[in-house]
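**Student:** Here you go, coords09.pdb (PDB, C-alpha atoms and all ligand atoms):
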ATOM      1  CA  MET A   1     116.313  86.691 122.109
ATOM      2  CA  SER A   2     112.653  87.328 121.523
ATOM      3  CA  ASN A   3     111.661  88.270 118.019
ATOM      4  CA  GLU A   4     108.558  90.020 119.247
ATOM      5  CA  LYS A   5     108.582  93.439 117.635
ATOM      6  CA  PRO A   6     108.912  96.147 120.253
ATOM      7  CA  ILE A   7     106.441  98.991 120.543
ATOM      8  CA  ILE A   8     108.268 102.114 119.415
ATOM      9  CA  ILE A   9     107.645 105.431 121.160
ATOM     10  CA  LEU A  10     109.175 108.543 119.660
ATOM     11  CA  ASP A  11     109.786 111.933 121.123
ATOM     12  CA  ARG A  12     108.804 114.549 118.528
ATOM     13  CA  ASP A  13     110.955 117.687 118.586
ATOM     14  CA  GLY A  14     114.583 116.914 117.777
ATOM     15  CA  VAL A  15     113.688 113.355 116.705
ATOM     16  CA  ILE A  16     111.020 113.659 113.995
ATOM     17  CA  ASN A  17     111.250 117.383 113.287
ATOM     18  CA  TYR A  18     113.815 120.095 113.804
ATOM     19  CA  ASP A  19     113.712 121.585 117.283
ATOM     20  CA  SER A  20     114.064 125.233 118.240
ATOM     21  CA  ASP A  21     114.856 126.914 121.553
ATOM     22  CA  GLN A  22     112.108 129.337 120.549
ATOM     23  CA  TYR A  23     109.642 126.398 120.315
ATOM     24  CA  ILE A  24     107.883 125.119 117.218
ATOM     25  CA  LYS A  25     104.936 127.514 117.198
ATOM     26  CA  THR A  26     103.468 127.357 113.707
ATOM     27  CA  LEU A  27     102.682 124.805 111.049
ATOM     28  CA  ASP A  28     105.438 126.277 108.850
ATOM     29  CA  GLU A  29     108.014 125.938 111.634
ATOM     30  CA  TRP A  30     107.263 122.213 111.848
ATOM     31  CA  GLN A  31     109.805 120.757 109.413
ATOM     32  CA  PRO A  32     110.818 117.087 109.368
ATOM     33  CA  ILE A  33     114.405 115.993 109.867
ATOM     34  CA  PRO A  34     115.591 114.276 106.648
ATOM     35  CA  GLY A  35     114.651 110.600 106.650
ATOM     36  CA  SER A  36     112.353 110.759 109.665
ATOM     37  CA  ILE A  37     109.056 110.465 107.785
ATOM     38  CA  LYS A  38     110.251 107.593 105.627
ATOM     39  CA  SER A  39     111.629 105.915 108.762
ATOM     40  CA  ILE A  40     108.293 106.027 110.569
ATOM     41  CA  ALA A  41     106.518 104.753 107.458
ATOM     42  CA  ALA A  42     109.039 101.935 107.022
ATOM     43  CA  LEU A  43     108.676 100.830 110.653
ATOM     44  CA  SER A  44     104.905 100.948 110.368
ATOM     45  CA  LYS A  45     104.884  98.984 107.118
ATOM     46  CA  ALA A  46     107.167  96.378 108.717
ATOM     47  CA  GLY A  47     104.581  95.816 111.450
ATOM     48  CA  PHE A  48     105.920  98.004 114.249
ATOM     49  CA  GLN A  49     103.465 100.126 116.190
ATOM     50  CA  VAL A  50     104.879 103.635 116.292
ATOM     51  CA  TYR A  51     103.689 106.120 118.893
ATOM     52  CA  VAL A  52     104.637 109.714 119.635
ATOM     53  CA  ALA A  53     104.914 111.048 123.189
ATOM     54  CA  THR A  54     105.825 114.728 123.188
ATOM     55  CA  ASN A  55     106.030 117.510 125.774
ATOM     56  CA  GLN A  56     104.333 120.604 124.392
ATOM     57  CA  SER A  57     104.554 123.146 127.179
ATOM     58  CA  GLY A  58     104.356 125.869 124.523
ATOM     59  CA  VAL A  59     100.592 125.388 124.825
ATOM     60  CA  ALA A  60     100.631 126.202 128.568
ATOM     61  CA  ARG A  61     103.019 129.089 127.880
ATOM     62  CA  GLY A  62     100.571 130.537 125.358
ATOM     63  CA  TYR A  63     102.962 130.293 122.394
ATOM     64  CA  TYR A  64     100.494 128.280 120.307
ATOM     65  CA  THR A  65      97.086 126.672 120.709
ATOM     66  CA  ILE A  66      95.953 123.058 120.867
ATOM     67  CA  ASP A  67      94.340 123.716 117.493
ATOM     68  CA  THR A  68      97.701 124.660 115.962
ATOM     69  CA  LEU A  69      99.321 121.661 117.642
ATOM     70  CA  ASN A  70      96.652 119.370 116.184
ATOM     71  CA  LYS A  71      97.350 120.856 112.743
ATOM     72  CA  MET A  72     101.068 120.072 113.134
ATOM     73  CA  HIS A  73     100.197 116.503 114.043
ATOM     74  CA  ALA A  74      97.750 116.196 111.146
ATOM     75  CA  LYS A  75     100.581 117.344 108.840
ATOM     76  CA  MET A  76     102.966 114.829 110.406
ATOM     77  CA  GLN A  77     100.392 112.033 110.093
ATOM     78  CA  GLN A  78      99.615 112.966 106.482
ATOM     79  CA  LEU A  79     103.305 112.922 105.512
ATOM     80  CA  VAL A  80     103.670 109.436 107.016
ATOM     81  CA  GLU A  81     100.491 108.250 105.299
ATOM     82  CA  ASP A  82     101.806 109.605 101.987
ATOM     83  CA  GLU A  83     104.715 107.172 102.455
ATOM     84  CA  GLY A  84     102.331 104.294 103.197
ATOM     85  CA  GLY A  85     102.613 104.175 106.987
ATOM     86  CA  THR A  86     100.681 105.383 110.001
ATOM     87  CA  PHE A  87     101.102 106.281 113.650
ATOM     88  CA  ALA A  88      99.513 103.982 116.202
ATOM     89  CA  GLY A  89      98.941 107.068 118.342
ATOM     90  CA  ILE A  90     100.134 110.597 119.023
ATOM     91  CA  HIS A  91     100.216 111.713 122.654
ATOM     92  CA  TYR A  92     101.187 115.132 123.920
ATOM     93  CA  CYS A  93     101.468 116.903 127.247
ATOM     94  CA  PRO A  94     100.173 120.492 126.921
ATOM     95  CA  HIS A  95     101.094 121.416 130.500
ATOM     96  CA  GLY A  96     103.879 123.595 131.867
ATOM     97  CA  PRO A  97     106.637 122.624 134.295
ATOM     98  CA  ASP A  98     104.717 124.099 137.259
ATOM     99  CA  ASP A  99     101.404 122.385 136.500
ATOM    100  CA  ASN A 100     102.412 119.187 138.313
ATOM    101  CA  CYS A 101     100.703 116.981 135.749
ATOM    102  CA  SER A 102     101.546 113.306 135.478
ATOM    103  CA  CYS A 103     102.225 113.363 131.733
ATOM    104  CA  ARG A 104     105.112 115.793 131.286
ATOM    105  CA  LYS A 105     108.336 113.839 130.741
ATOM    106  CA  PRO A 106     110.430 112.827 132.704
ATOM    107  CA  LYS A 107     107.162 111.582 134.229
ATOM    108  CA  ALA A 108     105.840 108.494 132.514
ATOM    109  CA  GLY A 109     102.129 109.350 132.191
ATOM    110  CA  MET A 110     102.066 109.308 128.390
ATOM    111  CA  ILE A 111     103.861 105.965 128.291
ATOM    112  CA  GLU A 112     101.424 104.567 130.856
ATOM    113  CA  THR A 113      98.559 105.733 128.667
ATOM    114  CA  ILE A 114     100.042 103.804 125.747
ATOM    115  CA  GLU A 115     100.347 100.711 127.938
ATOM    116  CA  GLN A 116      96.687 101.089 128.913
ATOM    117  CA  GLU A 117      95.617 101.542 125.280
ATOM    118  CA  LEU A 118      97.448  98.363 124.335
ATOM    119  CA  GLY A 119      96.533  96.493 127.513
ATOM    120  CA  VAL A 120     100.164  95.622 128.165
ATOM    121  CA  ASN A 121     102.975  96.340 130.610
ATOM    122  CA  PHE A 122     106.316  97.362 129.155
ATOM    123  CA  ASN A 123     108.126  95.355 131.820
ATOM    124  CA  THR A 124     106.952  92.265 129.952
ATOM    125  CA  THR A 125     106.056  93.583 126.469
ATOM    126  CA  PRO A 126     109.120  95.032 124.753
ATOM    127  CA  ALA A 127     109.101  98.759 124.023
ATOM    128  CA  ILE A 128     111.717 101.247 122.945
ATOM    129  CA  MET A 129     111.619 104.951 123.765
ATOM    130  CA  VAL A 130     113.557 107.086 121.272
ATOM    131  CA  GLY A 131     114.467 110.617 122.297
ATOM    132  CA  ASP A 132     117.047 113.369 122.198
ATOM    133  CA  SER A 133     116.728 114.574 125.811
ATOM    134  CA  LYS A 134     117.466 113.143 129.219
ATOM    135  CA  ARG A 135     113.818 113.376 130.224
ATOM    136  CA  ASP A 136     112.832 111.116 127.317
ATOM    137  CA  LEU A 137     115.240 108.473 128.552
ATOM    138  CA  GLU A 138     114.063 108.879 132.148
ATOM    139  CA  ALA A 139     110.405 108.503 131.200
ATOM    140  CA  GLY A 140     111.162 105.380 129.190
ATOM    141  CA  ILE A 141     113.288 103.793 131.896
ATOM    142  CA  ALA A 142     110.561 104.508 134.466
ATOM    143  CA  ARG A 143     108.186 102.186 132.567
ATOM    144  CA  GLY A 144     110.616  99.442 131.596
ATOM    145  CA  CYS A 145     111.315 100.591 128.035
ATOM    146  CA  LYS A 146     114.662 100.192 126.400
ATOM    147  CA  VAL A 147     115.930 103.662 125.582
ATOM    148  CA  VAL A 148     117.600 105.017 122.490
ATOM    149  CA  LEU A 149     119.239 108.398 122.099
ATOM    150  CA  VAL A 150     119.403 110.004 118.682
ATOM    151  CA  LEU A 151     122.042 112.645 118.072
ATOM    152  CA  THR A 152     119.690 115.023 116.292
ATOM    153  CA  GLY A 153     118.112 117.887 118.250
ATOM    154  CA  LYS A 154     119.666 118.060 121.724
ATOM    155  CA  GLY A 155     121.044 114.525 121.416
ATOM    156  CA  ARG A 156     124.731 115.342 121.132
ATOM    157  CA  ASP A 157     124.598 117.415 124.310
ATOM    158  CA  THR A 158     122.529 114.786 126.116
ATOM    159  CA  GLN A 159     124.978 112.034 125.208
ATOM    160  CA  TYR A 160     127.955 113.532 126.990
ATOM    161  CA  LYS A 161     125.990 114.604 130.071
ATOM    162  CA  ASN A 162     124.371 111.220 130.774
ATOM    163  CA  MET A 163     127.006 108.573 130.298
ATOM    164  CA  ASP A 164     125.642 106.658 133.302
ATOM    165  CA  PHE A 165     122.375 105.857 131.488
ATOM    166  CA  HIS A 166     122.036 102.550 129.673
ATOM    167  CA  PHE A 167     121.011 103.791 126.275
ATOM    168  CA  ASN A 168     121.884 102.933 122.720
ATOM    169  CA  VAL A 169     122.947 105.777 120.428
ATOM    170  CA  PHE A 170     122.093 106.388 116.778
ATOM    171  CA  THR A 171     122.961 109.260 114.485
ATOM    172  CA  ASP A 172     119.311 109.917 113.727
ATOM    173  CA  LEU A 173     115.925 108.234 113.438
ATOM    174  CA  ALA A 174     116.854 106.807 110.034
ATOM    175  CA  ALA A 175     119.919 105.030 111.456
ATOM    176  CA  PHE A 176     117.844 103.629 114.338
ATOM    177  CA  THR A 177     115.216 102.473 111.855
ATOM    178  CA  LEU A 178     117.642 100.664 109.569
ATOM    179  CA  GLU A 179     119.179  98.837 112.528
ATOM    180  CA  THR A 180     115.749  97.909 113.894
ATOM    181  CA  LEU A 181     114.445  96.665 110.537
ATOM    182  CA  PHE A 182     117.615  94.603 110.141
ATOM    183  CA  LYS A 183     117.346  93.128 113.631
ATOM    184  CA  TYR A 184     113.684  92.120 113.344
ATOM    185  CA  GLN A 185     113.472  91.178 109.661
TER     186      GLN A 185
HETATM  187 MG    MG B 201     113.068 116.342 121.957
HETATM  188 ZN    ZN B 202     101.013 117.039 131.205
END
As a first step, turn the structure in this file into structure tokens.
Ligand SMILES: [Mg+2]
Ligand SMILES: [Zn+2]
**Tutor:**
Amino acid sequence: MSNEKPIIILDRDGVINYDSDQYIKTLDEWQPIPGSIKSIAALSKAGFQVYVATNQSGVARGYYTIDTLNKMHAKMQQLVEDEGGTFAGIHYCPHGPDDNCSCRKPKAGMIETIEQELGVNFNTTPAIMVGDSKRDLEAGIARGCKVVLVLTGKGRDTQYKNMDFHFNVFTDLAAFTLETLFKYQ
């Protein structure tokens, strides 16, 4: 087994922060799931590169602006920095389902962008996509990532509907993090 630390790519809503069927539209509505911020910081401090790849069709739907979205991500980044860590990058798709963009998961555009930034291919450089929805898993699998389902957000529902996928399951981002830190210590 290679001890090369995998690149870690996180979905946002339902993984890092609480999700809502009404979308996360304001800075106040963006609230971290317990343990998620410390998890990201711990992974970062242990030498993992942690990225975010998040669908944000609420922008295309007019529920919130790119400016508000950037403020949410500045808050998220600041919270992680307060714990001594950092994100390697935060990528979002602002498009709607009918825009036919190449970045909205289950398409793999955001993951490809990360590969290009790093100058690697995830078929040969290990990467793990962590999400709570089927489309997160599909996007990760499309680019050769290992995929992890967390049971926060929509995860519980996703688990029982996609038993044919080859994913690992963790209660939440904190449980995934502890296992990963243990495995690559
Ligand atoms: Mg999600
Ligand atoms: Zn897009």
**Student:** Under the rule that all atoms listed in the file are counted, which of A:Glu81, A:Asp28, A:Asp98, A:Glu4 is the nearest residue to ligand ZN 202 (chain B)?
**Tutor:**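 With all atoms listed in the file as the atom set, the closest residue is A:Asp98.
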**Student:** List as a PyMOL selection string: which residues have an atom within 12 Å of (126.2, 102.9, 119.2), counting only C-alpha atoms?
**Tutor:** chain A and resi 148-151+159+166-172+175-176+179
**Student:** Can you work out which residues are within 6 Å of ligand ZN 202 (chain B), considering all atoms listed in the file, and then hand them over as an MDAnalysis selection string?
**Tutor:** chainID A and resid 93:95 101:104
**Student:** Ranking A:Asn55, A:Thr113, A:Asn123, A:Ser39 by minimum distance to ligand MG 201 (chain B) and counting only C-alpha atoms and all ligand atoms, which one comes first?
**Tutor:**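 Using only C-alpha atoms and all ligand atoms, ligand MG 201 (chain B) sits closest to A:Asn55.
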**Student:** Within 6 Å of ligand MG 201 (chain B) (counting only C-alpha atoms and all ligand atoms), which residues show up? I'd like them as a compact mmCIF listing (two decimals) with C-alpha atoms, keeping the file's coordinate frame.
**Tutor:**
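Listed below is the output, part.txt:
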# COMPACT_ATOMS: atom_id res chain seq x y z
CA ASP A 11 109.79 111.93 121.12
CA ARG A 12 108.80 114.55 118.53
CA ASP A 13 110.96 117.69 118.59
CA GLY A 14 114.58 116.91 117.78
CA GLY A 131 114.47 110.62 122.30
CA ASP A 132 117.05 113.37 122.20
CA SER A 133 116.73 114.57 125.81
**Student:** Enter the distance from atom CA of A:Asp136 to atom CA of A:Gly96, in Å, rounded to one decimal.
**Tutor:** 16.0 Å
**Student:** If I take atom CA of A:Lys134 and atom CA of A:Lys183, how far is one from the other in Å, to one decimal?
**Tutor:**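 Atom-to-atom, atom CA of A:Lys134 to atom CA of A:Lys183, that is 25.4 Å.
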**Student:** Tell me, in Å to one decimal, how far atom CA of A:Tyr18 is from atom CA of A:Ser36.
**Tutor:**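 Atom CA of A:Ser36 lies 10.3 Å from atom CA of A:Tyr18.
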**Student:** Pick the closest to A:Lys75 from A:Tyr92, A:Trp30, A:Tyr63, A:Phe48: which is it, counting all atoms listed in the file?
**Tutor:**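 Of A:Tyr92, A:Trp30, A:Tyr63, A:Phe48, the one nearest A:Lys75 is A:Trp30, counting all atoms listed in the file.
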**Student:** I'd like to know which of A:Met110, A:Val120, A:Ile16, A:Ile8 is closest to A:Pro32, using all atoms listed in the file.
**Tutor:** A:Ile16
**Student:** Compare A:Asn3, A:Asn17, A:Gln22, A:Thr86 by their minimum atom-to-atom distance to A:Thr54, counting only C-alpha atoms, and give me the closest one.
**Tutor:**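 Ranking A:Asn3, A:Asn17, A:Gln22, A:Thr86 by distance to A:Thr54, first place goes to A:Asn17.
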